[in-house]
Amino acid sequence: MAASEDGDGRLEEYLADPRNRTLDLTTAVARCTEALGLQHSAVYLADIQQRRLVPLTNVASPLLVDDSLAGWTYRTQSLRVEESESGGMTAWVPLVDGAERLGVLAVHSASLTPAVLRRGKALASLLAMMITSTRAYQDSFVRLTRTRPMRLPAEMLRAFLPPRTIGTAHVVSTAVLEPAYELGGDAFDHSLTETTLHATVLDAMGHNLASGLTTAVSLAASRNARRAGADLPDLVRSVDDALAQWLPDQFCTGVLAQLDLVSGVLRWCNCGHPTPLLIRDRRPDVDAMRREPEPPMGLPSRLAGLNRRTHEIALKPGDRVLMYSDGVTEARAVDGAEFGLEQFADYIIRATAAGELAPETLRRLIHSILDSSGSRLRDDATILMFEWSPPAR
């Protein structure tokens with residue numbers, strides 16, 4: 001039997017054995033590596049702020065995302081190869097589940113043949129699915145990817161957040177949210193159906209546990225309505241009703257949007273929130289989505305008795321839309337200078353021109369804001385960006 005066939009058969013046996021379904025990830029990695037006939041492999045997960053790649057076991061040291069070959073693999077989602085310090089070669093393979101970057105996989109071998117690289121990629125795909133399926137209930141993942149304690153409001157909000165990045169071959173939506181350990185009232189949401197991308201950015205009044213509760217209720221109400229098939233105005237009204245009933249002293253601003261993946265028609269409702277920014281042909285169009293905003297969601301809207309208005313624009317292939325909270329544009333550098341919308345847009349445009357992946361653009365952008373402000377933001381800073389690239393007709 002050929003070596004490749006032997007490896008394929010052993011992996012098939014591993015996957016078919018029901019006793020392997022409840023293995024801890026460290027053991028599963030070792031057994032899958034062996035089943036594929038690989039010499040050795042190691043999983044590195046990105047920390048919550050995407051600054052470090054932390055090994056799953058303590059046999060190695062964390063690696064910097066911005067200053068390592070492993071980090072280059074994470075940033076570009078592409079294979080990289082180097083000589084190993086202990087002899088042989090190491091292949092760094094991206095760990096990606098769908099569109100979500102999880103970390104990297106190091107595959108060590110005496111020589112990196114096409115068969116070894118192919119099996120390394122197969123192992124990375126398998127492990128990415130394992131990590132996603134287990135991290136929701138295994139605190140070991142959470143501890144591994146945090147560098148300091150998290151405040152209660154942030155803990156509550158993060159339990160509601162979807163993956164940072166979702167997408168298909170023709171649309172990607174990605175988001176970042178800071179300060180990672182001290183969130184107050186900001187959140188984002190995005191989801192996909194066969195025909196529609198749903199995207200939301202929320203900012204509740206205040207910066208405490210009540211703010212977090214307001215955002216949590218708003219997220220739950222919008223998802224509940226969305227999953228019941230509600231149209232956009234009804235979806236927004238469901239948030240109004242939920243806040244008015246359960247938290248009548250609180251309100252929440254936000255932008256809720258729906259993108260038709262076939263036609264590129266974007267519909268949105270702006271409830272007292274900063275105007276989304278359209279970037280087209282590498283230029284910002286600050287007025288393209290500027291409309292008179294609706295009142296914030298909650299009791300004020302209910303008392304006003306207004307019907308929620310939605311707006312519409314036709315996107316062109318390659319357009320990027322940015323939804324953000326005012327904590328982004330109002331962030332200040334150490335010298336007191338405000339980050340501002342112009343600098344914000346310019347950063348995105350330069351990254352687009354350089355061919356940078358959307359998730360990497362936002363990772364570097366939020367780090368630029370944090371580093372220039374001495375890692376102290378005046379308010380939560382949330383950015384959600386989506387890009388539409390339909391198939392050529």
# chains A, B, ... in the order shown; residues from 1 in each chain; ligands from 1
call {"tool": "closest_atom_pairs", "arguments": {"of": "region 341-384 of chain A", "to": "region 38-53 of chain A", "cutoff": "10 Å", "atoms": "only C-alpha atoms", "output": "tab-separated table"}}
result
residue	atom	partner	partner_atom	distance
A:Glu360	CA	A:Gln50	CA	9.7
A:Arg363	CA	A:Gln50	CA	7.1
A:Arg364	CA	A:Gln50	CA	9.3
A:Ile366	CA	A:Gln49	CA	9.4
A:His367	CA	A:Gln49	CA	8.6
call {"tool": "residues_around", "arguments": {"residues": "Tyr181 (chain A)", "least_positions_apart": "6", "cutoff": "12 Å", "atoms": "only C-alpha atoms", "output": "ChimeraX atom specification"}}
result
/A:47-49,145-158,375-377,380
call {"tool": "closest_residue", "arguments": {"among": "A:His190, A:Arg80, A:Arg237, A:His273", "to": "Pro163 (chain A)", "atoms": "only C-alpha atoms"}}
result
A:His190
call {"tool": "residues_around", "arguments": {"residues": "Leu235 (chain A)", "least_positions_apart": "3", "cutoff": "8 Å", "atoms": "only C-alpha atoms", "output": "compact mmCIF listing (two decimals) with N, CA and C atoms, in the first residue's frame"}}
result
# COMPACT_ATOMS: atom_id res chain seq x y z
N ALA A 221 -33.17 40.79 20.37
CA ALA A 221 -34.42 41.17 19.70
C ALA A 221 -34.24 41.20 18.18
N SER A 222 -33.12 41.76 17.71
CA SER A 222 -32.91 41.83 16.26
C SER A 222 -32.72 40.45 15.66
N ALA A 225 -36.14 38.61 15.51
CA ALA A 225 -36.97 39.08 14.40
C ALA A 225 -36.39 38.65 13.06
N ARG A 226 -35.08 38.73 12.93
CA ARG A 226 -34.43 38.35 11.68
C ARG A 226 -34.67 36.88 11.35
N ALA A 230 -38.49 38.72 9.57
CA ALA A 230 -38.97 40.10 9.58
C ALA A 230 -38.22 40.96 8.57
N ASP A 231 -38.95 41.87 7.94
CA ASP A 231 -38.33 42.85 7.06
C ASP A 231 -37.61 43.89 7.92
N LEU A 232 -36.75 44.67 7.31
CA LEU A 232 -35.88 45.57 8.06
C LEU A 232 -36.64 46.54 8.98
N SER A 238 -38.81 45.76 16.42
CA SER A 238 -38.74 44.73 17.45
C SER A 238 -37.73 45.11 18.53
N VAL A 239 -36.65 45.79 18.15
CA VAL A 239 -35.69 46.28 19.14
C VAL A 239 -36.31 47.40 19.96
call {"tool": "residues_around", "arguments": {"residues": "region 256-264 of chain A", "least_positions_apart": "4", "cutoff": "10 Å", "atoms": "only C-alpha atoms", "output": "VMD selection string"}}
result
chain A and resid 170 to 171 188 to 202 222 231 to 233 235 to 236 268 to 271 310 to 317 319 323 386 388 to 391
call {"tool": "select_by_dssp", "arguments": {"residues": "region 206-363 of chain A", "states": "strand (DSSP E or B)", "output": "VMD selection string"}}
result
chain A and resid 251 to 260 265 to 271 277 to 280 283 to 285 294 297 to 298 311 to 314 320 to 324 332 338
call {"tool": "write_last_selection", "arguments": {"atoms": "N, CA, C and O atoms", "output": "compact mmCIF listing (two decimals), in the first residue's frame"}}
result
# COMPACT_ATOMS: atom_id res chain seq x y z
N PHE A 251 -31.55 53.46 26.06
CA PHE A 251 -31.72 53.49 24.61
C PHE A 251 -30.42 53.10 23.93
O PHE A 251 -29.36 53.02 24.56
N CYS A 252 -30.51 52.85 22.63
CA CYS A 252 -29.37 52.31 21.89
C CYS A 252 -29.36 52.88 20.49
O CYS A 252 -30.40 52.90 19.81
N THR A 253 -28.23 53.39 20.04
CA THR A 253 -28.09 53.80 18.65
C THR A 253 -27.56 52.62 17.84
O THR A 253 -27.02 51.65 18.39
N GLY A 254 -27.71 52.70 16.54
CA GLY A 254 -27.21 51.61 15.72
C GLY A 254 -27.52 51.78 14.25
O GLY A 254 -28.37 52.59 13.86
N VAL A 255 -26.83 50.99 13.45
CA VAL A 255 -27.14 50.86 12.02
C VAL A 255 -27.41 49.39 11.77
O VAL A 255 -26.60 48.52 12.12
N LEU A 256 -28.57 49.10 11.18
CA LEU A 256 -28.95 47.74 10.81
C LEU A 256 -29.10 47.69 9.30
O LEU A 256 -29.82 48.51 8.72
N ALA A 257 -28.38 46.76 8.66
CA ALA A 257 -28.31 46.74 7.20
C ALA A 257 -28.53 45.34 6.65
O ALA A 257 -28.25 44.34 7.32
N GLN A 258 -29.04 45.30 5.41
CA GLN A 258 -29.23 44.05 4.69
C GLN A 258 -28.74 44.24 3.26
O GLN A 258 -29.15 45.16 2.57
N LEU A 259 -27.82 43.35 2.84
CA LEU A 259 -27.26 43.41 1.49
C LEU A 259 -27.75 42.23 0.68
O LEU A 259 -27.55 41.07 1.07
N ASP A 260 -28.41 42.50 -0.45
CA ASP A 260 -28.83 41.45 -1.37
C ASP A 260 -27.60 40.98 -2.14
O ASP A 260 -26.96 41.75 -2.87
N VAL A 265 -28.02 45.38 -3.93
CA VAL A 265 -28.81 46.44 -3.30
C VAL A 265 -28.64 46.36 -1.78
O VAL A 265 -28.86 45.32 -1.17
N LEU A 266 -28.25 47.49 -1.21
CA LEU A 266 -28.04 47.59 0.23
C LEU A 266 -29.15 48.43 0.84
O LEU A 266 -29.38 49.57 0.42
N ARG A 267 -29.85 47.88 1.81
CA ARG A 267 -30.88 48.60 2.55
C ARG A 267 -30.41 48.76 3.99
O ARG A 267 -29.80 47.85 4.56
N TRP A 268 -30.68 49.91 4.59
CA TRP A 268 -30.25 50.12 5.96
C TRP A 268 -31.17 51.10 6.67
O TRP A 268 -31.91 51.87 6.06
N CYS A 269 -31.10 51.04 7.99
CA CYS A 269 -31.80 51.99 8.85
C CYS A 269 -30.79 52.51 9.85
O CYS A 269 -30.10 51.74 10.52
N ASN A 270 -30.67 53.84 9.93
CA ASN A 270 -29.72 54.47 10.85
C ASN A 270 -30.49 55.08 12.01
O ASN A 270 -31.26 56.02 11.84
N CYS A 271 -30.28 54.53 13.19
CA CYS A 271 -30.99 54.97 14.40
C CYS A 271 -30.05 55.78 15.28
O CYS A 271 -29.47 55.26 16.25
N LEU A 277 -19.80 54.61 5.93
CA LEU A 277 -18.92 55.17 4.91
C LEU A 277 -18.78 54.19 3.76
O LEU A 277 -18.45 53.01 3.95
N LEU A 278 -19.04 54.67 2.55
CA LEU A 278 -18.86 53.86 1.34
C LEU A 278 -17.50 54.17 0.73
O LEU A 278 -17.15 55.34 0.54
N ILE A 279 -16.74 53.13 0.43
CA ILE A 279 -15.47 53.29 -0.28
C ILE A 279 -15.62 52.62 -1.64
O ILE A 279 -15.85 51.42 -1.73
N ARG A 280 -15.52 53.43 -2.68
CA ARG A 280 -15.73 52.96 -4.05
C ARG A 280 -14.57 53.43 -4.92
O ARG A 280 -14.18 54.60 -4.88
N ARG A 283 -11.84 55.36 -3.22
CA ARG A 283 -12.10 56.72 -2.76
C ARG A 283 -13.28 56.70 -1.79
O ARG A 283 -14.27 55.99 -2.04
N PRO A 284 -13.22 57.49 -0.72
CA PRO A 284 -14.35 57.53 0.21
C PRO A 284 -15.46 58.43 -0.34
O PRO A 284 -15.19 59.50 -0.87
N ASP A 285 -16.68 57.98 -0.21
CA ASP A 285 -17.83 58.80 -0.57
C ASP A 285 -18.60 59.05 0.73
O ASP A 285 -19.46 58.26 1.12
N GLU A 294 -32.75 58.27 12.06
CA GLU A 294 -33.91 57.98 12.89
C GLU A 294 -33.53 58.20 14.36
O GLU A 294 -32.36 58.26 14.72
N MET A 297 -32.96 53.65 19.23
CA MET A 297 -33.92 52.59 19.50
C MET A 297 -34.25 52.53 20.99
O MET A 297 -33.37 52.70 21.84
N GLY A 298 -35.51 52.31 21.30
CA GLY A 298 -35.97 52.26 22.68
C GLY A 298 -37.21 53.08 22.88
O GLY A 298 -37.93 53.42 21.93
N HIS A 311 -33.43 53.04 3.97
CA HIS A 311 -32.81 53.68 2.81
C HIS A 311 -32.18 52.62 1.93
O HIS A 311 -31.94 51.48 2.37
N GLU A 312 -31.86 52.99 0.72
CA GLU A 312 -31.40 52.00 -0.26
C GLU A 312 -30.34 52.60 -1.16
O GLU A 312 -30.41 53.76 -1.55
N ILE A 313 -29.35 51.78 -1.50
CA ILE A 313 -28.31 52.18 -2.44
C ILE A 313 -27.84 50.93 -3.17
O ILE A 313 -27.87 49.83 -2.62
N ALA A 314 -27.44 51.10 -4.42
CA ALA A 314 -26.93 49.97 -5.21
C ALA A 314 -25.41 49.95 -5.13
O ALA A 314 -24.75 50.92 -5.53
N ARG A 320 -16.64 48.67 -0.63
CA ARG A 320 -16.52 48.36 0.79
C ARG A 320 -17.38 49.35 1.57
O ARG A 320 -17.36 50.55 1.27
N VAL A 321 -18.13 48.84 2.54
CA VAL A 321 -18.96 49.68 3.40
C VAL A 321 -18.47 49.51 4.84
O VAL A 321 -18.29 48.40 5.32
N LEU A 322 -18.25 50.66 5.49
CA LEU A 322 -17.79 50.65 6.87
C LEU A 322 -18.88 51.19 7.79
O LEU A 322 -19.38 52.30 7.58
N MET A 323 -19.23 50.41 8.79
CA MET A 323 -20.13 50.83 9.85
C MET A 323 -19.29 50.89 11.13
O MET A 323 -18.53 49.98 11.41
N TYR A 324 -19.44 51.95 11.89
CA TYR A 324 -18.53 52.15 13.02
C TYR A 324 -19.24 52.95 14.11
O TYR A 324 -20.27 53.59 13.89
N ARG A 332 -8.38 59.73 20.41
CA ARG A 332 -7.34 60.77 20.39
C ARG A 332 -5.96 60.17 20.61
O ARG A 332 -5.80 59.23 21.38
N GLU A 338 -7.41 64.31 17.35
CA GLU A 338 -8.48 63.35 17.11
C GLU A 338 -8.18 62.51 15.88
O GLU A 338 -7.67 63.01 14.88
call {"tool": "atom_distance", "arguments": {"atom1": "CA of Trp246 (chain A)", "atom2": "CA of Leu183 (chain A)"}}
result
21.5 Å
call {"tool": "atom_distance", "arguments": {"atom1": "CA of Ile131 (chain A)", "atom2": "CA of Leu25 (chain A)"}}
result
7.6 Å
call {"tool": "residues_around", "arguments": {"residues": "Ala337 (chain A)", "least_positions_apart": "5", "cutoff": "12 Å", "atoms": "only C-alpha atoms", "output": "number ranges by chain"}}
result
A: 329-332, 343, 369, 372-373
call {"tool": "residues_around", "arguments": {"residues": "Arg119 (chain A)", "least_positions_apart": "5", "cutoff": "12 Å", "atoms": "only C-alpha atoms", "output": "list in words"}}
result
Ala3, Ser4, Glu5, Gly7, Asp8, Leu11, Cys32, Thr33, Glu34, Ala35, Leu36, Gly37, Leu38, Gln39, His40, Ser41, Ala91, Val93, Leu105, Val107, His108, Ser109, Leu112, Thr113, Pro114, Ala124, Ser125 and Leu126 of chain A
call {"tool": "write_last_selection", "arguments": {"atoms": "N, CA, C and O atoms", "output": "compact mmCIF listing (two decimals), in the first residue's frame"}}
result
# COMPACT_ATOMS: atom_id res chain seq x y z
N ALA A 3 2.23 5.05 0.71
CA ALA A 3 2.24 5.79 1.97
C ALA A 3 1.03 6.69 2.09
O ALA A 3 0.41 6.81 3.14
N SER A 4 0.65 7.37 0.99
CA SER A 4 -0.48 8.29 1.04
C SER A 4 -1.77 7.55 1.34
O SER A 4 -2.63 8.01 2.08
N GLU A 5 -1.92 6.35 0.73
CA GLU A 5 -3.12 5.57 0.98
C GLU A 5 -3.16 5.10 2.43
O GLU A 5 -4.22 5.05 3.06
N GLY A 7 -1.82 6.65 5.03
CA GLY A 7 -2.19 7.79 5.86
C GLY A 7 -3.66 8.10 5.77
O GLY A 7 -4.32 8.36 6.77
N ASP A 8 -4.21 8.04 4.55
CA ASP A 8 -5.63 8.31 4.38
C ASP A 8 -6.46 7.29 5.14
O ASP A 8 -7.47 7.62 5.76
N LEU A 11 -6.39 7.94 8.98
CA LEU A 11 -7.22 9.07 9.36
C LEU A 11 -8.70 8.69 9.30
O LEU A 11 -9.49 9.07 10.16
N CYS A 32 -4.38 12.83 15.31
CA CYS A 32 -4.61 13.15 13.90
C CYS A 32 -3.29 13.29 13.15
O CYS A 32 -3.16 12.86 12.00
N THR A 33 -2.32 13.90 13.81
CA THR A 33 -0.99 14.05 13.21
C THR A 33 -0.39 12.69 12.90
O THR A 33 0.15 12.44 11.81
N GLU A 34 -0.50 11.79 13.87
CA GLU A 34 0.02 10.43 13.68
C GLU A 34 -0.74 9.70 12.59
O GLU A 34 -0.14 9.01 11.75
N ALA A 35 -2.08 9.85 12.59
CA ALA A 35 -2.89 9.15 11.60
C ALA A 35 -2.55 9.59 10.18
O ALA A 35 -2.63 8.78 9.24
N LEU A 36 -2.14 10.82 10.03
CA LEU A 36 -1.79 11.34 8.70
C LEU A 36 -0.33 11.05 8.33
O LEU A 36 0.13 11.43 7.25
N GLY A 37 0.38 10.41 9.24
CA GLY A 37 1.77 10.08 8.95
C GLY A 37 2.70 11.26 9.01
O GLY A 37 3.78 11.24 8.40
N LEU A 38 2.33 12.30 9.75
CA LEU A 38 3.18 13.48 9.90
C LEU A 38 4.08 13.32 11.12
O LEU A 38 3.72 12.67 12.10
N GLN A 39 5.25 13.96 11.07
CA GLN A 39 6.22 13.83 12.14
C GLN A 39 5.77 14.51 13.41
O GLN A 39 5.77 13.91 14.50
N HIS A 40 5.36 15.78 13.32
CA HIS A 40 4.94 16.53 14.50
C HIS A 40 4.19 17.78 14.04
O HIS A 40 4.46 18.33 12.98
N SER A 41 3.22 18.21 14.86
CA SER A 41 2.51 19.45 14.55
C SER A 41 2.18 20.17 15.85
O SER A 41 2.13 19.56 16.92
N ALA A 91 6.48 23.93 8.18
CA ALA A 91 5.49 24.61 7.33
C ALA A 91 4.46 25.26 8.24
O ALA A 91 3.91 24.62 9.14
N VAL A 93 0.87 26.73 8.42
CA VAL A 93 -0.38 26.60 7.66
C VAL A 93 -1.47 27.40 8.40
O VAL A 93 -1.63 27.27 9.61
N LEU A 105 -1.06 26.56 12.17
CA LEU A 105 -0.59 25.21 12.49
C LEU A 105 0.84 25.07 12.01
O LEU A 105 1.14 25.36 10.85
N VAL A 107 3.68 22.51 11.06
CA VAL A 107 3.91 21.11 10.68
C VAL A 107 5.41 20.90 10.50
O VAL A 107 6.02 21.53 9.63
N HIS A 108 6.00 20.03 11.33
CA HIS A 108 7.44 19.78 11.29
C HIS A 108 7.71 18.45 10.59
O HIS A 108 7.02 17.45 10.84
N SER A 109 8.72 18.45 9.72
CA SER A 109 9.07 17.23 9.00
C SER A 109 10.52 17.31 8.55
O SER A 109 11.07 18.42 8.42
N LEU A 112 9.76 18.62 3.38
CA LEU A 112 8.39 19.00 3.09
C LEU A 112 8.05 18.62 1.65
O LEU A 112 8.23 19.41 0.72
N THR A 113 7.62 17.39 1.48
CA THR A 113 7.22 16.91 0.16
C THR A 113 5.80 17.40 -0.13
O THR A 113 5.07 17.85 0.77
N PRO A 114 5.37 17.32 -1.40
CA PRO A 114 3.98 17.68 -1.71
C PRO A 114 2.96 16.92 -0.88
O PRO A 114 1.94 17.47 -0.47
N ALA A 124 -4.95 21.01 9.07
CA ALA A 124 -5.35 22.36 9.49
C ALA A 124 -6.86 22.55 9.31
O ALA A 124 -7.53 23.13 10.17
N SER A 125 -7.41 22.07 8.21
CA SER A 125 -8.85 22.19 7.98
C SER A 125 -9.64 21.42 9.02
O SER A 125 -10.66 21.91 9.54
N LEU A 126 -9.19 20.22 9.34
CA LEU A 126 -9.87 19.40 10.33
C LEU A 126 -9.79 20.04 11.72
O LEU A 126 -10.79 20.13 12.44
call {"tool": "residues_around", "arguments": {"residues": "Ile349 (chain A)", "least_positions_apart": "3", "cutoff": "6 Å", "atoms": "only C-alpha atoms", "output": "VMD selection string"}}
result
chain A and resid 282 346 352
call {"tool": "closest_residue", "arguments": {"among": "A:Arg118, A:Leu56, A:Asp67, A:Glu356", "to": "Leu79 (chain A)", "atoms": "only C-alpha atoms"}}
result
A:Arg118
call {"tool": "atom_distance", "arguments": {"atom1": "CA of Pro179 (chain A)", "atom2": "CA of Leu370 (chain A)"}}
result
8.5 Å
call {"tool": "closest_residue", "arguments": {"among": "A:Ala136, A:Ala210, A:Gln250, A:Ala70", "to": "Val54 (chain A)", "atoms": "only C-alpha atoms"}}
result
A:Ala70
